[in-house]
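Engineer: Structure below; questions to follow.
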There are 4 protein chains.
Amino acid sequence: MINIGLIGYGYWGPNLARNFQKNHDMKLKAICDFSPDRLKAAGDNYPGVALLNSVDELINDNEIDAIAIATPVSAHFDLAKKVLMAGKHVWLEKPMTETSEQSKILIDLAEKKNRVLIVDHTFIYTGAVRKIKEIIDRGELGDMIYYDSTRVNLGLFQKDVDVIWDLAPHDISIMDYFMPFKKLTVSATGSHYYGNKITPKALLTIYMENNIIAHINVSWVSPVKIRQTLIGGTNKMILYDDNQPSEKIKIYDKGVEMVSTKEDLYHMKVQYRVGDMYAPKVEDLEALALETKHFVECINKGTQPITGGLAGLEVVKILEASKKSLEGNGIPIDLK
Amino acid sequence: MINIGLIGYGYWGPNLARNFQKNHDMKLKAICDFSPDRLKAAGDNYPGVALLNSVDELINDNEIDAIAIATPVSAHFDLAKKVLMAGKHVWLEKPMTETSEQSKILIDLAEKKNRVLIVDHTFIYTGAVRKIKEIIDRGELGDMIYYDSTRVNLGLFQKDVDVIWDLAPHDISIMDYFMPFKKLTVSATGSHYYGNKITPKALLTIYMENNIIAHINVSWVSPVKIRQTLIGGTNKMILYDDNQPSEKIKIYDKGVEMVSTKEDLYHMKVQYRVGDMYAPKVEDLEALALETKHFVECINKGTQPITGGLAGLEVVKILEASKKSLEGNGIPIDLK
Amino acid sequence: MINIGLIGYGYWGPNLARNFQKNHDMKLKAICDFSPDRLKAAGDNYPGVALLNSVDELINDNEIDAIAIATPVSAHFDLAKKVLMAGKHVWLEKPMTETSEQSKILIDLAEKKNRVLIVDHTFIYTGAVRKIKEIIDRGELGDMIYYDSTRVNLGLFQKDVDVIWDLAPHDISIMDYFMPFKKLTVSATGSHYYGNKITPKALLTIYMENNIIAHINVSWVSPVKIRQTLIGGTNKMILYDDNQPSEKIKIYDKGVEMVSTKEDLYHMKVQYRVGDMYAPKVEDLEALALETKHFVECINKGTQPITGGLAGLEVVKILEASKKSLEGNGIPIDLK
Amino acid sequence: MINIGLIGYGYWGPNLARNFQKNHDMKLKAICDFSPDRLKAAGDNYPGVALLNSVDELINDNEIDAIAIATPVSAHFDLAKKVLMAGKHVWLEKPMTETSEQSKILIDLAEKKNRVLIVDHTFIYTGAVRKIKEIIDRGELGDMIYYDSTRVNLGLFQKDVDVIWDLAPHDISIMDYFMPFKKLTVSATGSHYYGNKITPKALLTIYMENNIIAHINVSWVSPVKIRQTLIGGTNKMILYDDNQPSEKIKIYDKGVEMVSTKEDLYHMKVQYRVGDMYAPKVEDLEALALETKHFVECINKGTQPITGGLAGLEVVKILEASKKSLEGNGIPIDLK
């Protein structure tokens, strides 16, 4: 049985609490929040759980094995560092930290302390994303060509981060999961309409090795909610629409091929292939329940989570670069 | 009665021929194409029309008042120049020319020769685009914030131009029609998958004065056809989906406002407004028929077309900049 | 404060319990179910609530003011009768009873005992249905012409009732709410594929006064879930699609008119009108929360619920007739 | 080379003319219409074709091998009879005749005269319907359970026939093609709103042997256009949506099974199966082109068309019964 504490009972924290509580190998022992209102809400839902307003008290509690951090990103690094220093496992919300330097420090610390560090890239644990990964891994799509995602809706503006930091981590983590290739260069452009500090609408491009490209469109100022991802391979292509209640994934037997022809050695001839489409059945488990189970397993077996520190770092590196590029109106930033 | 000749009876030419023929104030006199097969096809459909394989013969024909040029873009400038020099009105396919320099020369020439130069930005003449323009012009959207368009499908790869030159002229001309503001900077990123010369998938950003932004996503390698444009104003927002057989335009009474509050002088508070949606009835005339009528009127009255040389130049300037930016992986290019 | 008890904690009961619990003027005191498993589930969720397996114990409890009955329909009449005889208010699931005779007895009993009898036609309390009612009541649709609903999906087969008794009560109650006209005749046809006793797919027609008609299509054997209702008026027409996350209601400014013309006294000329569409904003409250509030108000003020015994009876009368018609392959059954 | 004449150049005739003209084994020789305007329109499009206002002249022309009849249904029988009597092949619009008696006479006459009689059930020749037929014929759906179709839109009211005679022939002919089982009984109900003579909205049920059922919903008074057909089999189910530009056919690996269990000999247990969906590629040929080709082949080879007189008769028998049932508010009418 793993005893877990939770820091932050705001927007996302209640979902964590609910899933920790449901898991039979985990026990939610304490919830910590600075807001008395939020603590009261936590107490109403979880009568037996300790309510704290001091993170140190929680971190120093010897009965606690693991701590989940669901605070604004600016507090992630300091809290996670303390948690790991105290020898506890840590569940960290996305994005992992404000800088890649901080992410690296946490990765090293977790390794040194031999503790599990999981980053909550929730989408990786959804039935749809796992199904697509399975399809890609068995080679059905052929070689990867591109990832193209649109994730737009009205609100909610964040106070401290732009729309790329808020919404794109979902897409970057999914893309990195499907396309574990070296990321080379980032370009980002965005709206300055409401002042430079918080860009509410942006485009993000990530150049990868093998000439693979990712295009991501994120916005807080769209009148409609769109959650649409296209994934292009040389053999097949996928439309993944997370808004659909069913048929979330459509796999198209469509492709484009470049053929050099005898008659025309200098030009390539383009050939199209159009076949059937199919929509595989997608498992309907709650992603957080599965992620919680995975966290428990990693702790018990001492293994690395799918969405561990390295996955978190990859996202932060791209976000970091996107910020510089955004300030330079799309100027390309090379990743190291 | 305006006597018109047509150069190019390939993919688009037949549509022009059909609409010129239907117009009661215009007479289609001659069709010119280098391919005997295409000329034969033209002859089958228009028995009374002269079939030529020499453009000079057509241009020098004194009975011809106007000439439409529906050739690859590389031939646009030379042909249009000859036509104007011969004192004839010219209908030019999009994009207008390969360089903005060439566009400027044609604009000057048309003015000097006092001839009408229309660029075939067909979408401007559709019922949907005209209805949106009407809504914007009566101030219903408030101030403009952004234009965001996705125009993707499978194929057809062009041999000589990348996907931005092929598909984005539609979006750029529509955007410029709705947002006649100074365009400042362009950034473009795209796939190099099939080799650098023909980018089949790209993102384009255009920064305008007043902090307005345009984001355009074009692709020849999408498994599905998407024709979706979001237009954001301070009061209302529009979803224009050209794939829909009805309800092409949806106007959302939704908005975002930044409010400074007494309690918090340093931060802005964001307020959302969500109201009804409506879908205005859209006229169902063929755009080319209306454009032909407009061309005739401009010739008869000596007025400037809505999609004249300046509109064509605006598109070419942005395409030109996009090419440089694309080569530089998104590097921002200032427009002069 | 109204003390309420709940009989039946199966499929729907938990939703009632949750909403009764949330309401500040109501106190959920006891839950009764014959299944020990279900009682245990109830206890886990509501620690302070009494768990009973005897309905009589609940009905005879003097502290209880009202009882909700969420059992199979075959038990509705006996239980509701006992509850009313015991002088308690009653919340009855749909359909109200197995026969119209039983419904009438309950209506009379509630009146004699001066107790509130509400039938849980949940849809009447949804934001969408209330918005449509508002639109109809202000005359926007003109005179009513028809109601046409499709409510199909895969499963769940009921053991004791056919698909009309299971799914059509939703549509019949909504239709009756929008069109409070005298219902004259019923015709129903359905599939006998899996044996006569449980028809899993059926069409239902209800003829009303003023030549208004209702057509209802219900099925448990559809591969896709459809929840689509068309409502025709002489001025406007509505498409109500309950599957849509937003834009559930679309109001079309479309109409058909019959005009007698001078030239042709014997024939009518048909004129069509096609205008804009709009989708009003729909309130997003949980229907059961509103219904619970309404139940409380009716008890406190001694008023009749919107979905009282008479509304329940209307539905049962039509179901009763549909059963006879179904057995006669569509033979029309007059309602008394 | 088959010389063909066309009677009727109204709404549908032009489509026939265009396809007859395109076919290389057929020659359109004459068009006959009583309206001088329509004849002029025909002449503008087909300069070399004879324009007649006398059907007898056409029928007695010895150079004509076949005649297509695209008039109102009331004229079908007399004209088709004359054409067959004159020893010519006949192409007859749907529905075949006003009565089943007439259909039978034409079938006998065609046989006696050894001439081809094709009824223009166009949908049978579409890529989508042929693909579904292919899927059914290879047993993929298992045994047939039901056919359920919705074919509704705004207008056009017919002057002489109700909406069942106008729209349902499409569905009946498709259903009969997929389910060539004995049709037993018909029930139809419909709106009397605009007067009894022309029912603009109706439901139609057809009971078949093997307990298969067809449910058809047709309407001229729907604000939206719906063309949706569900086809249920014991193994798989199909959604055929003719409004979709692509993915017209979706095949669901879903099913319902009734299982008797040991524990419960008296009740059946229902089991659901939910698997993947796929959308096969559908050929994009014009149906009328294919039908014309088929007509030519039948003439040349002396074979029976897929949509010959018997198929036409089947539709007329059901229409005939529907009329009686409609007048009796759904009263079941047995087919002989």
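Residue numbers start at 1 in each chain; chains themselves are named A, B, ... in the order of the structure tokens; ligands are numbered from 1 in the order shown.
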Which residues are near Pro280 of chain C? Cut-off 8 Å, only C-alpha atoms, ignore same chain within fewer than 4 positions. Put them as a list in words.
Structural biologist: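 Surrounding residues, per the criterion: Gly275, Asp276 and Met277 of chain B; Glu247, Ile249 and Lys250 of chain C.
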Engineer: Based on the selection just made, write N, CA and C atoms of those residues as a PDB file, in the first residue's frame.
Structural biologist:
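Listing of selection03.pdb after writing:
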```
ATOM      1  N   GLY B 275     -23.046  33.728 -26.126  1.00  0.00           N
ATOM      2  CA  GLY B 275     -24.469  33.909 -26.432  1.00  0.00           C
ATOM      3  C   GLY B 275     -24.917  32.976 -27.546  1.00  0.00           C
ATOM      4  N   ASP B 276     -25.871  33.412 -28.317  1.00  0.00           N
ATOM      5  CA  ASP B 276     -26.442  32.585 -29.378  1.00  0.00           C
ATOM      6  C   ASP B 276     -25.504  32.481 -30.585  1.00  0.00           C
ATOM      7  N   MET B 277     -25.805  31.567 -31.459  1.00  0.00           N
ATOM      8  CA  MET B 277     -25.126  31.452 -32.746  1.00  0.00           C
ATOM      9  C   MET B 277     -26.185  31.620 -33.822  1.00  0.00           C
TER      10      MET B 277
ATOM     11  N   GLU C 247     -24.893  23.664 -29.535  1.00  0.00           N
ATOM     12  CA  GLU C 247     -25.854  23.829 -30.643  1.00  0.00           C
ATOM     13  C   GLU C 247     -26.860  22.686 -30.699  1.00  0.00           C
ATOM     14  N   ILE C 249     -29.995  22.956 -30.222  1.00  0.00           N
ATOM     15  CA  ILE C 249     -31.228  23.412 -30.854  1.00  0.00           C
ATOM     16  C   ILE C 249     -30.900  24.313 -32.026  1.00  0.00           C
ATOM     17  N   LYS C 250     -31.455  24.008 -33.188  1.00  0.00           N
ATOM     18  CA  LYS C 250     -31.321  24.890 -34.341  1.00  0.00           C
ATOM     19  C   LYS C 250     -32.710  25.290 -34.813  1.00  0.00           C
TER      20      LYS C 250
END
```
Engineer: Please report, as a ChimeraX atom specification, each residue of segment 87-240 of chain C to which DSSP assigns alpha helix (DSSP H) when run on this structure's backbone.
Structural biologist: /C:100-113,127-137,163-178
Engineer: Each residue of chain A lying at most 7 Å from chain B should get a row with its shortest atom-to-atom pair and the distance in Å to one decimal, counting only C-alpha atoms; could you produce that, ordered by chain and increasing number, as CSV?
Structural biologist:
```
residue,atom,partner,partner_atom,distance
A:Ile145,CA,B:Tyr193,CA,6.7
A:Ser187,CA,B:Gly330,CA,5.9
A:Thr189,CA,B:Thr205,CA,6.8
A:Ser191,CA,B:Ile213,CA,5.8
A:His192,CA,B:Asn211,CA,5.7
A:Tyr193,CA,B:Asn211,CA,5.0
A:Thr205,CA,B:Thr189,CA,6.8
A:Asn211,CA,B:Tyr193,CA,5.0
A:Ile212,CA,B:Tyr193,CA,6.4
A:Ile213,CA,B:Ser191,CA,5.8
A:Pro223,CA,B:Met237,CA,6.0
A:Met237,CA,B:Pro223,CA,6.0
A:Tyr252,CA,B:Pro223,CA,6.4
A:Lys254,CA,B:Pro223,CA,6.4
A:Asn329,CA,B:Pro332,CA,6.0
A:Gly330,CA,B:Gly330,CA,5.3
A:Ile331,CA,B:Ile331,CA,4.4
A:Pro332,CA,B:Gly330,CA,5.9
```
Engineer: So that I can see what lies close to His121 of chain C, please list as a PDB file with C-alpha atoms, in the first residue's frame the residues with an atom at most 7 Å from it, counting only C-alpha atoms and leaving out residues fewer than 6 positions away in the same chain.
Structural biologist:
```pdb
ATOM      1  CA  LYS C  94     -41.492   6.794 -15.947  1.00  0.00           C
ATOM      2  CA  HIS C 170     -39.164  10.429 -23.340  1.00  0.00           C
ATOM      3  CA  SER C 173     -43.720  13.413 -22.722  1.00  0.00           C
ATOM      4  CA  THR C 307     -44.936  16.547 -14.833  1.00  0.00           C
TER       5      THR C 307
END
```
Engineer: Env of segment 132-139 of chain A: 9 Å cut, atoms = only C-alpha atoms, seq-sep filter 2 positions within chain, self excluded. Answer as JSON, numbers by chain.
Structural biologist: {"A": [127, 128, 129, 130, 141, 142, 143, 144, 177, 178, 233, 235, 238, 240, 249]}
Engineer: As a PyMOL selection string, list the residues of segment 184-225 of chain C assigned to strand (DSSP E or B) by DSSP on the backbone atoms of this structure.
Structural biologist: chain C and resi 184-190+201-208+213-219+221-225
Engineer: Can those selected residues be exported to a file as a CSV table (one decimal), in the first residue's frame so that it contains C-alpha atoms?
Structural biologist:
```csv
chain,number,residue,atom,x,y,z
C,184,LEU,CA,-56.8,11.0,-31.0
C,185,THR,CA,-55.4,7.8,-32.5
C,186,VAL,CA,-52.2,5.7,-32.2
C,187,SER,CA,-50.6,3.4,-34.7
C,188,ALA,CA,-47.5,1.4,-34.0
C,189,THR,CA,-45.4,-1.1,-36.0
C,190,GLY,CA,-42.4,-3.0,-35.0
C,201,LYS,CA,-37.4,-1.6,-33.0
C,202,ALA,CA,-40.6,0.3,-33.6
C,203,LEU,CA,-42.4,3.2,-35.3
C,204,LEU,CA,-45.1,5.0,-33.4
C,205,THR,CA,-47.6,7.5,-34.9
C,206,ILE,CA,-49.9,9.7,-32.8
C,207,TYR,CA,-52.7,11.6,-34.6
C,208,MET,CA,-53.7,14.8,-32.7
C,213,ILE,CA,-49.0,14.4,-36.2
C,214,ALA,CA,-46.2,12.8,-34.2
C,215,HIS,CA,-43.8,10.3,-35.7
C,216,ILE,CA,-41.5,8.5,-33.3
C,217,ASN,CA,-38.7,6.0,-34.2
C,218,VAL,CA,-37.2,4.0,-31.4
C,219,SER,CA,-34.7,1.1,-31.5
C,221,VAL,CA,-30.7,-2.4,-32.5
C,222,SER,CA,-29.1,0.5,-34.2
C,223,PRO,CA,-25.3,0.5,-34.7
C,224,VAL,CA,-25.2,4.3,-34.0
C,225,LYS,CA,-26.8,6.5,-31.4
```
Engineer: List the neighbours of Asn19 of chain D out to 9 Å using only C-alpha atoms; skip same-chain residues closer than 4 positions along the sequence, and give me the result as JSON, numbers by chain.
Structural biologist: {"D": [14, 15, 23, 286, 288, 289, 292]}
Engineer: In terms of the shortest atom-to-atom distance over only C-alpha atoms, which of A:Ala168, A:Met26, A:Ile59, A:Ala17 is closest to Asn300 of chain A?
Structural biologist: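 Looking only at the distances to Asn300 of chain A, the closest residue turns out to be A:Met26.
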Engineer: List the spatial neighbours of Asp108 of chain C as a ChimeraX atom specification - criterion: any atom at most 12 Å away, only C-alpha atoms, same-chain residues fewer than 2 positions off excluded.
Structural biologist: /C:81,84-85,101-106,110-117,308-310,313
Engineer: Restricted to N, CA, C and O atoms, what would the selected residues look like written as a PDB file, in the first residue's frame?
Structural biologist:
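Output (again35.pdb):
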```
ATOM      1  N   LYS C  81     -49.247   3.554  -4.537  1.00  0.00           N
ATOM      2  CA  LYS C  81     -50.519   3.551  -3.808  1.00  0.00           C
ATOM      3  C   LYS C  81     -50.269   3.517  -2.302  1.00  0.00           C
ATOM      4  O   LYS C  81     -50.817   4.322  -1.543  1.00  0.00           O
ATOM      5  N   LEU C  84     -48.873   6.865  -1.051  1.00  0.00           N
ATOM      6  CA  LEU C  84     -49.892   7.918  -0.954  1.00  0.00           C
ATOM      7  C   LEU C  84     -50.857   7.619   0.198  1.00  0.00           C
ATOM      8  O   LEU C  84     -51.249   8.528   0.942  1.00  0.00           O
ATOM      9  N   MET C  85     -51.246   6.354   0.338  1.00  0.00           N
ATOM     10  CA  MET C  85     -52.128   5.960   1.445  1.00  0.00           C
ATOM     11  C   MET C  85     -51.487   6.334   2.776  1.00  0.00           C
ATOM     12  O   MET C  85     -52.172   6.717   3.727  1.00  0.00           O
ATOM     13  N   GLU C 101     -55.650   2.843 -16.205  1.00  0.00           N
ATOM     14  CA  GLU C 101     -56.558   2.711 -15.063  1.00  0.00           C
ATOM     15  C   GLU C 101     -55.803   2.969 -13.760  1.00  0.00           C
ATOM     16  O   GLU C 101     -56.243   3.724 -12.890  1.00  0.00           O
ATOM     17  N   GLN C 102     -54.635   2.339 -13.650  1.00  0.00           N
ATOM     18  CA  GLN C 102     -53.811   2.525 -12.452  1.00  0.00           C
ATOM     19  C   GLN C 102     -53.394   3.982 -12.286  1.00  0.00           C
ATOM     20  O   GLN C 102     -53.417   4.527 -11.178  1.00  0.00           O
ATOM     21  N   SER C 103     -53.026   4.603 -13.387  1.00  0.00           N
ATOM     22  CA  SER C 103     -52.609   6.012 -13.313  1.00  0.00           C
ATOM     23  C   SER C 103     -53.737   6.873 -12.763  1.00  0.00           C
ATOM     24  O   SER C 103     -53.525   7.746 -11.915  1.00  0.00           O
ATOM     25  N   LYS C 104     -54.942   6.607 -13.240  1.00  0.00           N
ATOM     26  CA  LYS C 104     -56.089   7.401 -12.781  1.00  0.00           C
ATOM     27  C   LYS C 104     -56.324   7.219 -11.290  1.00  0.00           C
ATOM     28  O   LYS C 104     -56.626   8.180 -10.577  1.00  0.00           O
ATOM     29  N   ILE C 105     -56.190   5.985 -10.836  1.00  0.00           N
ATOM     30  CA  ILE C 105     -56.379   5.723  -9.394  1.00  0.00           C
ATOM     31  C   ILE C 105     -55.368   6.511  -8.577  1.00  0.00           C
ATOM     32  O   ILE C 105     -55.707   7.152  -7.576  1.00  0.00           O
ATOM     33  N   LEU C 106     -54.111   6.530  -9.032  1.00  0.00           N
ATOM     34  CA  LEU C 106     -53.081   7.268  -8.296  1.00  0.00           C
ATOM     35  C   LEU C 106     -53.354   8.771  -8.303  1.00  0.00           C
ATOM     36  O   LEU C 106     -53.160   9.463  -7.297  1.00  0.00           O
ATOM     37  N   ALA C 110     -53.857  10.868  -4.905  1.00  0.00           N
ATOM     38  CA  ALA C 110     -52.999  12.009  -4.561  1.00  0.00           C
ATOM     39  C   ALA C 110     -53.852  13.228  -4.259  1.00  0.00           C
ATOM     40  O   ALA C 110     -53.573  13.988  -3.323  1.00  0.00           O
ATOM     41  N   GLU C 111     -54.914  13.399  -5.048  1.00  0.00           N
ATOM     42  CA  GLU C 111     -55.774  14.557  -4.838  1.00  0.00           C
ATOM     43  C   GLU C 111     -56.493  14.459  -3.491  1.00  0.00           C
ATOM     44  O   GLU C 111     -56.543  15.411  -2.724  1.00  0.00           O
ATOM     45  N   LYS C 112     -57.047  13.258  -3.235  1.00  0.00           N
ATOM     46  CA  LYS C 112     -57.788  13.036  -1.990  1.00  0.00           C
ATOM     47  C   LYS C 112     -56.889  13.224  -0.777  1.00  0.00           C
ATOM     48  O   LYS C 112     -57.270  13.838   0.219  1.00  0.00           O
ATOM     49  N   LYS C 113     -55.672  12.726  -0.885  1.00  0.00           N
ATOM     50  CA  LYS C 113     -54.731  12.795   0.239  1.00  0.00           C
ATOM     51  C   LYS C 113     -53.999  14.133   0.264  1.00  0.00           C
ATOM     52  O   LYS C 113     -53.192  14.385   1.171  1.00  0.00           O
ATOM     53  N   ASN C 114     -54.236  14.936  -0.770  1.00  0.00           N
ATOM     54  CA  ASN C 114     -53.590  16.244  -0.868  1.00  0.00           C
ATOM     55  C   ASN C 114     -52.060  16.128  -0.825  1.00  0.00           C
ATOM     56  O   ASN C 114     -51.389  16.839  -0.091  1.00  0.00           O
ATOM     57  N   ARG C 115     -51.562  15.194  -1.601  1.00  0.00           N
ATOM     58  CA  ARG C 115     -50.126  14.981  -1.654  1.00  0.00           C
ATOM     59  C   ARG C 115     -49.620  15.196  -3.083  1.00  0.00           C
ATOM     60  O   ARG C 115     -50.368  15.065  -4.044  1.00  0.00           O
ATOM     61  N   VAL C 116     -48.333  15.542  -3.173  1.00  0.00           N
ATOM     62  CA  VAL C 116     -47.748  15.779  -4.497  1.00  0.00           C
ATOM     63  C   VAL C 116     -47.333  14.458  -5.141  1.00  0.00           C
ATOM     64  O   VAL C 116     -46.691  13.636  -4.497  1.00  0.00           O
ATOM     65  N   LEU C 117     -47.741  14.297  -6.376  1.00  0.00           N
ATOM     66  CA  LEU C 117     -47.353  13.138  -7.175  1.00  0.00           C
ATOM     67  C   LEU C 117     -46.628  13.662  -8.403  1.00  0.00           C
ATOM     68  O   LEU C 117     -47.210  14.330  -9.243  1.00  0.00           O
ATOM     69  N   GLY C 308     -46.887  16.145 -13.500  1.00  0.00           N
ATOM     70  CA  GLY C 308     -47.699  15.492 -12.478  1.00  0.00           C
ATOM     71  C   GLY C 308     -48.403  14.270 -13.028  1.00  0.00           C
ATOM     72  O   GLY C 308     -48.064  13.753 -14.098  1.00  0.00           O
ATOM     73  N   GLY C 309     -49.415  13.814 -12.301  1.00  0.00           N
ATOM     74  CA  GLY C 309     -50.126  12.595 -12.668  1.00  0.00           C
ATOM     75  C   GLY C 309     -50.772  12.666 -14.040  1.00  0.00           C
ATOM     76  O   GLY C 309     -50.777  11.684 -14.785  1.00  0.00           O
ATOM     77  N   LEU C 310     -51.301  13.825 -14.395  1.00  0.00           N
ATOM     78  CA  LEU C 310     -51.992  13.930 -15.686  1.00  0.00           C
ATOM     79  C   LEU C 310     -51.005  13.764 -16.844  1.00  0.00           C
ATOM     80  O   LEU C 310     -51.315  13.132 -17.853  1.00  0.00           O
ATOM     81  N   LEU C 313     -50.232  10.131 -16.998  1.00  0.00           N
ATOM     82  CA  LEU C 313     -51.360   9.384 -17.568  1.00  0.00           C
ATOM     83  C   LEU C 313     -51.377   9.476 -19.089  1.00  0.00           C
ATOM     84  O   LEU C 313     -51.617   8.485 -19.787  1.00  0.00           O
TER      85      LEU C 313
END
```
Engineer: Let me make sure I understand: among C:Asn60, C:Thr99, C:Thr71, C:Asn243, which one has the smallest atom-to-atom distance to Ala86 of chain C if we use only C-alpha atoms?
Structural biologist: C:Asn60
Engineer: Kindly give the distance, in Å, that separates atom CA of Ile299 of chain C and atom CA of Asn3 of chain C, rounded to a single decimal.
Structural biologist: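 Distance reported for this atom pair: 11.6 Å.
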Engineer: Any idea what the distance is between atom CA of Asn45 of chain B and atom CA of Lys27 of chain D?
Structural biologist: 17.7 Å
Engineer: I'd like the interatomic distance between atom CA of Glu63 of chain B and atom CA of Glu93 of chain B, to a tenth of an Å.
Structural biologist: 22.5 Å
